[in-house]
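Novice: Sharing query.txt (compact mmCIF, C-alpha atoms) below.
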```txt
# COMPACT_ATOMS: atom_id res chain seq x y z
CA MET A 266 53.32 -66.89 -94.72
CA ILE A 267 55.58 -65.52 -91.98
CA THR A 268 55.24 -67.04 -88.51
CA LYS A 269 57.00 -64.37 -86.44
CA HIS A 270 56.52 -60.62 -86.31
CA LYS A 271 59.53 -58.31 -86.22
CA MET A 272 59.16 -57.57 -82.51
CA GLN A 273 59.35 -61.30 -81.76
CA GLU A 274 62.46 -61.59 -83.91
CA LEU A 275 64.04 -58.68 -82.05
CA GLN A 276 63.19 -60.20 -78.68
CA GLU A 277 64.91 -63.42 -79.73
CA ARG A 278 67.96 -61.56 -81.06
CA ALA A 279 68.21 -59.63 -77.80
CA GLU A 280 68.26 -62.93 -75.93
CA LYS A 281 70.91 -64.35 -78.27
CA TYR A 282 73.24 -61.36 -78.75
CA GLY A 283 72.48 -59.26 -75.69
CA PRO A 284 70.18 -56.27 -75.20
CA LEU A 285 72.30 -53.49 -76.72
CA CYS A 286 70.89 -51.36 -79.53
CA VAL A 287 73.50 -49.23 -81.31
CA GLY A 288 72.08 -45.85 -82.26
CA LEU A 289 73.29 -44.56 -85.61
CA ASP A 290 72.40 -40.93 -84.93
CA THR A 291 75.47 -40.16 -86.97
CA ASP A 292 75.92 -36.42 -87.13
CA PRO A 293 78.86 -35.54 -89.42
CA SER A 294 80.34 -33.52 -86.55
CA TYR A 295 80.91 -36.81 -84.69
CA ILE A 296 83.50 -37.80 -87.30
CA PRO A 297 87.04 -36.31 -87.18
CA ASP A 298 87.94 -33.89 -89.98
CA SER A 299 90.83 -36.12 -90.98
CA VAL A 300 88.41 -38.97 -91.71
CA VAL A 301 85.96 -36.77 -93.62
CA LYS A 302 88.79 -35.44 -95.80
CA ALA A 303 90.15 -38.92 -96.46
CA VAL A 304 86.75 -40.24 -97.54
CA GLY A 305 85.82 -37.21 -99.62
CA SER A 306 82.53 -35.83 -98.29
CA ARG A 307 80.59 -35.73 -95.05
CA GLU A 308 77.81 -37.92 -96.48
CA GLU A 309 80.27 -40.58 -97.64
CA ALA A 310 82.06 -40.37 -94.30
CA VAL A 311 78.80 -41.02 -92.43
CA LEU A 312 77.91 -43.98 -94.63
CA THR A 313 81.39 -45.49 -94.45
CA TYR A 314 81.49 -45.07 -90.67
CA ASN A 315 78.01 -46.57 -90.28
CA LYS A 316 78.88 -49.58 -92.42
CA GLU A 317 82.11 -50.21 -90.55
CA ILE A 318 80.34 -50.04 -87.18
CA ILE A 319 77.64 -52.40 -88.44
CA ARG A 320 80.28 -54.83 -89.71
CA ARG A 321 82.25 -54.76 -86.46
CA VAL A 322 79.21 -55.08 -84.20
CA ALA A 323 77.79 -57.97 -86.24
CA ALA A 324 81.15 -59.76 -86.13
CA ASP A 325 81.49 -59.21 -82.37
CA LYS A 326 77.84 -60.12 -81.71
CA SER A 327 77.74 -57.15 -79.34
CA ALA A 328 74.25 -55.85 -80.24
CA CYS A 329 70.90 -57.16 -81.43
CA CYS A 330 69.81 -54.15 -83.48
CA PHE A 331 70.57 -50.67 -84.76
CA LYS A 332 68.39 -47.60 -84.36
CA VAL A 333 68.76 -45.10 -87.18
CA GLN A 334 67.55 -41.59 -86.29
CA ILE A 335 66.22 -40.10 -89.51
CA ALA A 336 66.68 -36.44 -88.51
CA TYR A 337 70.46 -36.58 -88.91
CA TYR A 338 70.06 -37.85 -92.48
CA GLU A 339 67.28 -35.44 -93.41
CA ALA A 340 69.58 -32.62 -92.31
CA MET A 341 72.05 -33.66 -95.03
CA GLY A 342 69.43 -33.33 -97.77
CA ILE A 343 68.92 -35.75 -100.65
CA ALA A 344 72.41 -37.18 -100.32
CA GLY A 345 71.75 -37.81 -96.63
CA MET A 346 68.54 -39.70 -97.34
CA LYS A 347 70.45 -41.96 -99.73
CA VAL A 348 72.86 -42.65 -96.87
CA TYR A 349 69.87 -43.37 -94.62
CA ALA A 350 68.47 -45.95 -97.06
CA GLN A 351 71.86 -47.60 -97.54
CA THR A 352 72.42 -47.73 -93.77
CA LEU A 353 69.11 -49.55 -93.22
CA LYS A 354 70.03 -52.05 -95.93
CA ALA A 355 73.44 -52.63 -94.38
CA VAL A 356 71.83 -53.44 -91.01
CA GLN A 357 69.40 -55.90 -92.56
CA ASP A 358 72.12 -57.49 -94.71
CA ALA A 359 74.09 -58.07 -91.49
CA GLY A 360 71.20 -60.13 -90.11
CA LEU A 361 70.21 -57.66 -87.40
CA THR A 362 67.04 -55.67 -86.79
CA ALA A 363 66.72 -52.15 -88.22
CA ILE A 364 64.73 -49.69 -86.12
CA SER A 365 63.91 -46.41 -87.84
CA ASP A 366 63.51 -43.65 -85.29
CA ILE A 367 61.03 -41.47 -87.19
CA LYS A 368 58.43 -40.68 -84.46
CA ARG A 369 55.64 -40.17 -86.96
CA GLY A 370 52.05 -39.61 -85.86
CA ASP A 371 49.33 -38.15 -88.05
CA ILE A 372 45.76 -38.75 -89.14
CA ALA A 373 44.08 -40.92 -91.74
CA ALA A 374 45.60 -40.89 -95.23
CA THR A 375 48.68 -38.99 -94.09
CA ALA A 376 49.55 -41.67 -91.54
CA GLY A 377 48.98 -44.28 -94.22
CA ALA A 378 51.46 -42.52 -96.48
CA TYR A 379 54.05 -42.39 -93.70
CA ALA A 380 53.52 -46.12 -93.10
CA ARG A 381 54.03 -46.95 -96.78
CA ALA A 382 57.10 -44.74 -96.90
CA HIS A 383 58.85 -46.58 -94.07
CA PHE A 384 57.50 -50.13 -94.37
CA THR A 385 57.90 -50.42 -98.15
CA GLY A 386 60.09 -48.96 -100.87
CA ASP A 387 63.43 -47.18 -100.60
CA PHE A 388 63.24 -46.63 -96.83
CA GLU A 389 61.84 -50.01 -95.84
CA THR A 390 62.70 -50.93 -92.28
CA ASP A 391 61.72 -53.55 -89.70
CA ILE A 392 60.39 -51.41 -86.84
CA ILE A 393 59.58 -47.72 -86.49
CA THR A 394 58.92 -45.35 -83.60
CA VAL A 395 55.53 -43.61 -83.52
CA ASN A 396 53.97 -40.77 -81.53
CA PRO A 397 50.43 -41.47 -80.20
CA TYR A 398 49.52 -37.97 -79.05
CA MET A 399 47.17 -37.09 -81.93
CA GLY A 400 45.00 -40.01 -80.83
CA PHE A 401 45.05 -43.78 -81.03
CA ASP A 402 43.39 -43.80 -84.44
CA THR A 403 46.69 -42.46 -85.78
CA LEU A 404 48.41 -45.73 -84.80
CA LYS A 405 46.27 -48.03 -86.91
CA PRO A 406 47.82 -47.25 -90.32
CA PHE A 407 51.18 -48.25 -88.83
CA THR A 408 50.09 -51.27 -86.79
CA GLU A 409 48.25 -52.75 -89.78
CA TYR A 410 51.69 -53.64 -91.11
CA ALA A 411 52.17 -56.04 -88.19
CA SER A 412 49.91 -58.54 -89.95
CA PRO A 413 51.56 -61.50 -91.72
CA GLU A 414 50.26 -60.28 -95.08
CA LYS A 415 52.10 -56.98 -94.69
CA GLY A 416 55.38 -58.37 -93.41
CA GLY A 417 54.90 -58.50 -89.63
CA LYS A 418 56.42 -55.05 -89.17
CA GLY A 419 56.80 -53.53 -85.71
CA ALA A 420 56.26 -50.20 -83.98
CA PHE A 421 57.55 -48.74 -80.74
CA VAL A 422 55.01 -46.27 -79.33
CA LEU A 423 56.25 -43.41 -77.14
CA LEU A 424 55.27 -44.21 -73.56
CA CYS A 425 57.72 -42.83 -70.99
CA THR A 426 60.48 -40.99 -72.79
CA SER A 427 63.96 -40.15 -71.52
CA ASN A 428 63.87 -36.34 -71.76
CA PRO A 429 63.22 -34.13 -68.68
CA GLY A 430 60.21 -32.50 -70.34
CA MET A 431 58.35 -35.81 -70.53
CA THR A 432 56.58 -34.85 -67.28
CA ASP A 433 54.85 -31.95 -69.08
CA ILE A 434 52.54 -34.38 -70.89
CA GLU A 435 53.24 -38.02 -70.10
CA HIS A 436 52.86 -37.55 -66.32
CA GLN A 437 49.62 -35.57 -66.51
CA GLU A 438 46.96 -37.02 -64.20
CA LEU A 439 43.62 -38.06 -65.68
CA LYS A 440 40.22 -37.77 -64.00
CA ASP A 441 40.38 -41.34 -62.74
CA GLY A 442 43.70 -40.67 -61.00
CA SER A 443 45.85 -42.56 -63.50
CA LEU A 444 48.59 -40.96 -65.59
CA LEU A 445 48.30 -40.21 -69.27
CA LEU A 446 51.23 -42.51 -70.01
CA GLU A 447 49.31 -45.35 -68.36
CA ARG A 448 46.41 -44.81 -70.75
CA VAL A 449 48.89 -45.04 -73.62
CA GLY A 450 50.41 -48.18 -72.10
CA SER A 451 47.03 -49.88 -71.90
CA GLU A 452 46.44 -49.18 -75.57
CA ILE A 453 49.85 -50.58 -76.50
CA SER A 454 49.09 -53.77 -74.54
CA TRP A 455 45.70 -54.10 -76.22
CA ILE A 456 47.12 -53.66 -79.72
CA GLY A 457 49.94 -56.08 -79.00
CA ALA A 458 47.53 -58.73 -77.77
CA GLU A 459 45.28 -58.19 -80.78
CA PHE A 460 47.88 -59.79 -83.04
CA LYS A 461 48.19 -62.96 -80.97
CA SER A 462 45.63 -64.66 -83.23
CA PHE A 463 48.07 -64.18 -86.13
CA TYR A 464 51.08 -65.25 -84.06
CA PRO A 465 49.80 -67.72 -81.44
CA GLU A 466 53.32 -68.55 -80.21
CA GLN A 467 54.38 -64.94 -79.65
CA THR A 468 56.13 -64.20 -76.35
CA CYS A 469 55.79 -60.44 -76.68
CA GLY A 470 53.28 -58.13 -78.32
CA ALA A 471 53.73 -57.05 -81.93
CA VAL A 472 53.78 -53.44 -80.75
CA GLY A 473 56.37 -52.26 -78.23
CA ALA A 474 56.88 -49.19 -76.06
CA VAL A 475 59.57 -46.56 -75.69
CA VAL A 476 60.52 -46.35 -72.00
CA GLY A 477 63.51 -44.27 -70.99
CA ALA A 478 66.24 -45.41 -68.61
CA THR A 479 66.29 -42.00 -66.93
CA GLN A 480 63.10 -42.33 -64.85
CA GLU A 481 64.11 -44.68 -62.03
CA LYS A 482 60.93 -44.20 -60.02
CA ASP A 483 58.84 -45.38 -62.98
CA ALA A 484 60.96 -48.34 -64.10
CA ARG A 485 59.72 -51.20 -61.91
CA ARG A 486 56.11 -50.05 -61.98
CA LEU A 487 55.99 -49.82 -65.77
CA ARG A 488 57.80 -53.11 -66.26
CA ASP A 489 55.25 -54.85 -64.02
CA MET A 490 52.26 -53.08 -65.58
CA TYR A 491 53.13 -54.18 -69.11
CA PRO A 492 54.80 -57.59 -68.71
CA ASP A 493 54.18 -58.71 -72.30
CA THR A 494 55.41 -55.53 -73.98
CA PHE A 495 58.94 -55.37 -75.40
CA PHE A 496 60.64 -52.05 -74.59
CA LEU A 497 62.93 -49.77 -76.56
CA ILE A 498 65.00 -48.14 -73.82
CA PRO A 499 66.75 -44.84 -74.64
CA GLY A 500 68.72 -42.66 -72.25
CA TYR A 501 71.47 -45.11 -71.29
CA GLY A 502 74.97 -43.67 -71.49
CA ALA A 503 75.30 -40.09 -72.73
CA GLN A 504 71.87 -39.08 -71.36
CA GLY A 505 72.77 -40.33 -67.91
CA GLY A 506 70.55 -43.40 -67.65
CA ALA A 507 72.09 -46.02 -65.39
CA ALA A 508 72.54 -49.67 -66.32
CA ARG A 509 70.62 -50.70 -63.18
CA ILE A 510 67.52 -48.80 -64.40
CA ALA A 511 67.82 -50.34 -67.85
CA ALA A 512 68.19 -53.77 -66.26
CA THR A 513 64.88 -53.37 -64.44
CA LEU A 514 63.19 -52.52 -67.73
CA LEU A 515 64.78 -55.59 -69.34
CA ASP A 516 62.82 -57.90 -67.05
CA LYS A 517 59.79 -59.96 -68.15
CA ALA A 518 59.23 -59.48 -71.94
CA GLY A 519 62.57 -57.70 -72.12
CA GLY A 520 63.80 -54.89 -74.28
CA THR A 521 66.70 -53.35 -76.12
CA VAL A 522 68.81 -50.55 -74.65
CA ASN A 523 69.96 -47.83 -77.01
CA SER A 524 73.34 -46.13 -76.89
CA SER A 525 74.20 -43.62 -79.60
CA ARG A 526 76.78 -40.93 -78.77
CA GLY A 527 78.46 -43.17 -76.20
CA ILE A 528 79.42 -45.49 -79.06
CA LEU A 529 79.66 -43.13 -82.03
CA CYS A 530 81.90 -40.70 -80.15
CA ALA A 531 83.88 -43.25 -78.12
CA TRP A 532 87.04 -42.24 -80.02
CA GLN A 533 86.96 -38.87 -78.24
CA LYS A 534 87.70 -40.53 -74.88
CA ASP A 535 89.68 -43.60 -75.95
CA SER A 536 93.05 -43.37 -74.17
CA ASP A 537 94.68 -45.56 -76.82
CA LEU A 538 94.03 -42.83 -79.38
CA THR A 539 95.37 -39.84 -77.44
CA GLU A 540 98.44 -39.26 -79.60
CA LYS A 541 96.59 -39.63 -82.89
CA ARG A 542 93.76 -37.44 -81.62
CA GLU A 543 96.15 -34.65 -80.65
CA ALA A 544 97.98 -34.95 -83.98
CA GLY A 545 94.75 -34.87 -86.00
CA ALA A 546 95.76 -38.19 -87.55
CA LEU A 547 92.81 -40.44 -86.71
CA SER A 548 91.69 -42.91 -89.35
CA LEU A 549 88.30 -44.51 -89.98
CA ALA A 550 89.68 -47.78 -88.61
CA ASP A 551 90.68 -45.99 -85.39
CA ILE A 552 87.27 -44.48 -84.67
CA ALA A 553 85.44 -47.66 -85.71
CA SER A 554 87.60 -49.72 -83.35
CA ALA A 555 86.78 -47.33 -80.51
CA ALA A 556 83.08 -47.68 -81.32
CA ALA A 557 83.33 -51.47 -81.42
CA LYS A 558 85.08 -51.54 -78.03
CA ALA A 559 82.42 -49.26 -76.56
CA ALA A 560 79.66 -51.55 -77.86
CA ILE A 561 81.27 -54.59 -76.22
CA PHE A 562 81.67 -52.68 -72.94
CA SER A 563 78.04 -51.52 -73.02
CA LYS A 564 76.76 -55.02 -73.68
CA GLU A 565 78.75 -56.42 -70.75
CA ASP A 566 77.67 -53.53 -68.51
CA LEU A 567 74.00 -54.22 -69.23
CA LEU A 568 74.32 -57.99 -68.82
CA ASN A 569 76.12 -57.56 -65.49
CA ALA A 570 73.39 -55.21 -64.30
CA LYS A 571 70.76 -57.79 -65.26
CA LYS A 572 72.58 -60.48 -63.25
CA SER A 573 72.58 -58.26 -60.17
CA LEU A 574 68.80 -57.77 -60.11
```
Could I get this file's structure written as structure tokens?

Specialist:
Amino acid sequence: MITKHKMQELQERAEKYGPLCVGLDTDPSYIPDSVVKAVGSREEAVLTYNKEIIRRVAADKSACCFKVQIAYYEAMGIAGMKVYAQTLKAVQDAGLTAISDIKRGDIAATAGAYARAHFTGDFETDIITVNPYMGFDTLKPFTEYASPEKGGKGAFVLLCTSNPGMTDIEHQELKDGSLLLERVGSEISWIGAEFKSFYPEQTCGAVGAVVGATQEKDARRLRDMYPDTFFLIPGYGAQGGAARIAATLLDKAGGTVNSSRGILCAWQKDSDLTEKREAGALSLADIASAAAKAAIFSKEDLLNAKKSL
């Protein structure tokens, strides 16, 4: 019988290795043509690049987890989904947490099928992202997997996302004067607390929340409203979210801060690679080294921001 759920394990890894989450939203266009040609195909190039980043990050202890955005792999067809499955396995084999960014949310048997698809079988992962906006009953087929009998799996529920359009729905005011996102947050807290009987020593809920680092006015309020909820924090880096906002969200139960393009595409701005970049002579080792350096920088940036709170 397991004694820790996956969210607890991630919280502990974030404390040990730092709060960075490396996003493997690996679009083939992020990889130089010279590398794709050397490897043989865009799918193989994505997998090879992912594995090398995972290896380097694990060796450097620069991140606690990886978030794999399924859309980029679906777009490559069947071959892409094989890369997706192999990427998840590589993360888990490296001893880090695999978060599958799938944002599923559907009713009854359909939700149950999605849960089986991503918590068992070829695409088994540790934690998934879910969308609550078809109703809270759609969450149950996913959160059932947080029980010890089903592996203590985790889910991050969309709460306050990093995109500008989040105000269209998440900031809508309810009749009692509260915001819709606050109603969602209360449900997340309730579900997380529900599993405490299974995991009496838990220091965060089994279900977490997605809270973007782009909404500075919401950061402190949300962190204080949900002190026991572990956050997945997108928006840092390429989306413009500042380290100081992320640091606020890392308070109390903590969280993990995702950076995708800022790491995957670091080779595009690495001054050490200027000559090779201009000559079209970049190698896989070159772009992976740039990604590894960017991960170390991001980790230190976030930790320094936390110290300054």

Novice: Of the residues A:Met346, A:Ala374, A:Leu439, A:Leu515, which is the one nearest to Glu309 (chain A), using all atoms listed in the file?

Specialist: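 For Glu309 (chain A), the nearest of the given residues is A:Met346.
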
Novice: List every protein, DNA or RNA residue that has at least one atom no more than 6 Å from (73.3, -40.2, -82.7) in the file's coordinates, counting all atoms listed in the file, and write the result as number ranges by chain.

Specialist: A: 288-291, 525-526

Novice: Using only C-alpha atoms, determine which residues lie at most 10 Å from Ala336 (chain A), disregarding the query and same-chain residues fewer than 3 positions distant; provide the list as a JSON list (two decimals) with C-alpha atoms, in the coordinates of the input.

Specialist:
```json
[["chain", "number", "residue", "atom", "x", "y", "z"],
["A", 290, "ASP", "CA", 72.40, -40.93, -84.93],
["A", 291, "THR", "CA", 75.47, -40.16, -86.97],
["A", 292, "ASP", "CA", 75.92, -36.42, -87.13],
["A", 333, "VAL", "CA", 68.76, -45.10, -87.18],
["A", 339, "GLU", "CA", 67.28, -35.44, -93.41],
["A", 340, "ALA", "CA", 69.58, -32.62, -92.31],
["A", 341, "MET", "CA", 72.05, -33.66, -95.03],
["A", 345, "GLY", "CA", 71.75, -37.81, -96.63],
["A", 346, "MET", "CA", 68.54, -39.70, -97.34],
["A", 349, "TYR", "CA", 69.87, -43.37, -94.62],
["A", 366, "ASP", "CA", 63.51, -43.65, -85.29],
["A", 367, "ILE", "CA", 61.03, -41.47, -87.19]]
```

Novice: Smallest atom-to-atom distance to Ser536 (chain A): which of A:Asp551, A:Gly473, A:Ala350, A:Phe463, using only C-alpha atoms?

Specialist: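 Closest to Ser536 (chain A) of all the choices is A:Asp551.
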
Novice: In the coordinates of the file, take the point (53.6, -39.8, -85.4) and a cut-off of 6 Å; then, counting all atoms listed in the file, name each qualifying protein, DNA or RNA residue as a list in words.

Specialist: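 Residues with an atom at most 6 Å from (53.6, -39.8, -85.4): Lys368, Arg369, Gly370, Asp371, Val395 and Asn396 of chain A.
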
Novice: By how many Å are CA of Gly506 (chain A) and CA of Cys286 (chain A) apart?

Specialist: 14.3 Å

Novice: How far is it from CA of Pro397 (chain A) to CA of Phe331 (chain A), in Å with one decimal?

Specialist: 22.6 Å

Novice: Any idea what's packed within 10 Å of region 552-554 of chain A, counting only C-alpha atoms, ignoring anything in its chain fewer than 6 positions away? Could you give it as a ChimeraX atom specification?

Specialist: /A:295-297,300,313-322,528-533,535,538,560

Novice: With only C-alpha atoms as the atoms that count, which of A:Tyr337, A:Phe421, A:Phe562, A:Tyr410 lies nearest to Gly527 (chain A)?

Specialist: A:Phe562

Novice: So the first atom is CA of Leu353 (chain A) and the second is CA of Thr390 (chain A); what is the distance between them in Å, to one decimal place?

Specialist: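 CA of Thr390 (chain A) lies at a distance of 6.6 Å from CA of Leu353 (chain A).
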
Novice: Residues within 12 Å of Ile392 (chain A), please, as a ChimeraX atom specification. Count all atoms listed in the file; anything in the same chain fewer than 6 positions from it doesn't count.

Specialist: /A:270-275,330-333,353,357,361-368,380,383-385,407-408,410-411,416-422,471-474,497

Novice: For the residues in the current selection, export C-alpha atoms as a PDB file, in the coordinates of the input.

Specialist:
```pdb
ATOM      1  CA  HIS A 270      56.520 -60.620 -86.310  1.00  0.00           C
ATOM      2  CA  LYS A 271      59.530 -58.310 -86.220  1.00  0.00           C
ATOM      3  CA  MET A 272      59.160 -57.570 -82.510  1.00  0.00           C
ATOM      4  CA  GLN A 273      59.350 -61.300 -81.760  1.00  0.00           C
ATOM      5  CA  GLU A 274      62.460 -61.590 -83.910  1.00  0.00           C
ATOM      6  CA  LEU A 275      64.040 -58.680 -82.050  1.00  0.00           C
ATOM      7  CA  CYS A 330      69.810 -54.150 -83.480  1.00  0.00           C
ATOM      8  CA  PHE A 331      70.570 -50.670 -84.760  1.00  0.00           C
ATOM      9  CA  LYS A 332      68.390 -47.600 -84.360  1.00  0.00           C
ATOM     10  CA  VAL A 333      68.760 -45.100 -87.180  1.00  0.00           C
ATOM     11  CA  LEU A 353      69.110 -49.550 -93.220  1.00  0.00           C
ATOM     12  CA  GLN A 357      69.400 -55.900 -92.560  1.00  0.00           C
ATOM     13  CA  LEU A 361      70.210 -57.660 -87.400  1.00  0.00           C
ATOM     14  CA  THR A 362      67.040 -55.670 -86.790  1.00  0.00           C
ATOM     15  CA  ALA A 363      66.720 -52.150 -88.220  1.00  0.00           C
ATOM     16  CA  ILE A 364      64.730 -49.690 -86.120  1.00  0.00           C
ATOM     17  CA  SER A 365      63.910 -46.410 -87.840  1.00  0.00           C
ATOM     18  CA  ASP A 366      63.510 -43.650 -85.290  1.00  0.00           C
ATOM     19  CA  ILE A 367      61.030 -41.470 -87.190  1.00  0.00           C
ATOM     20  CA  LYS A 368      58.430 -40.680 -84.460  1.00  0.00           C
ATOM     21  CA  ALA A 380      53.520 -46.120 -93.100  1.00  0.00           C
ATOM     22  CA  HIS A 383      58.850 -46.580 -94.070  1.00  0.00           C
ATOM     23  CA  PHE A 384      57.500 -50.130 -94.370  1.00  0.00           C
ATOM     24  CA  THR A 385      57.900 -50.420 -98.150  1.00  0.00           C
ATOM     25  CA  PHE A 407      51.180 -48.250 -88.830  1.00  0.00           C
ATOM     26  CA  THR A 408      50.090 -51.270 -86.790  1.00  0.00           C
ATOM     27  CA  TYR A 410      51.690 -53.640 -91.110  1.00  0.00           C
ATOM     28  CA  ALA A 411      52.170 -56.040 -88.190  1.00  0.00           C
ATOM     29  CA  GLY A 416      55.380 -58.370 -93.410  1.00  0.00           C
ATOM     30  CA  GLY A 417      54.900 -58.500 -89.630  1.00  0.00           C
ATOM     31  CA  LYS A 418      56.420 -55.050 -89.170  1.00  0.00           C
ATOM     32  CA  GLY A 419      56.800 -53.530 -85.710  1.00  0.00           C
ATOM     33  CA  ALA A 420      56.260 -50.200 -83.980  1.00  0.00           C
ATOM     34  CA  PHE A 421      57.550 -48.740 -80.740  1.00  0.00           C
ATOM     35  CA  VAL A 422      55.010 -46.270 -79.330  1.00  0.00           C
ATOM     36  CA  ALA A 471      53.730 -57.050 -81.930  1.00  0.00           C
ATOM     37  CA  VAL A 472      53.780 -53.440 -80.750  1.00  0.00           C
ATOM     38  CA  GLY A 473      56.370 -52.260 -78.230  1.00  0.00           C
ATOM     39  CA  ALA A 474      56.880 -49.190 -76.060  1.00  0.00           C
ATOM     40  CA  LEU A 497      62.930 -49.770 -76.560  1.00  0.00           C
TER      41      LEU A 497
END
```
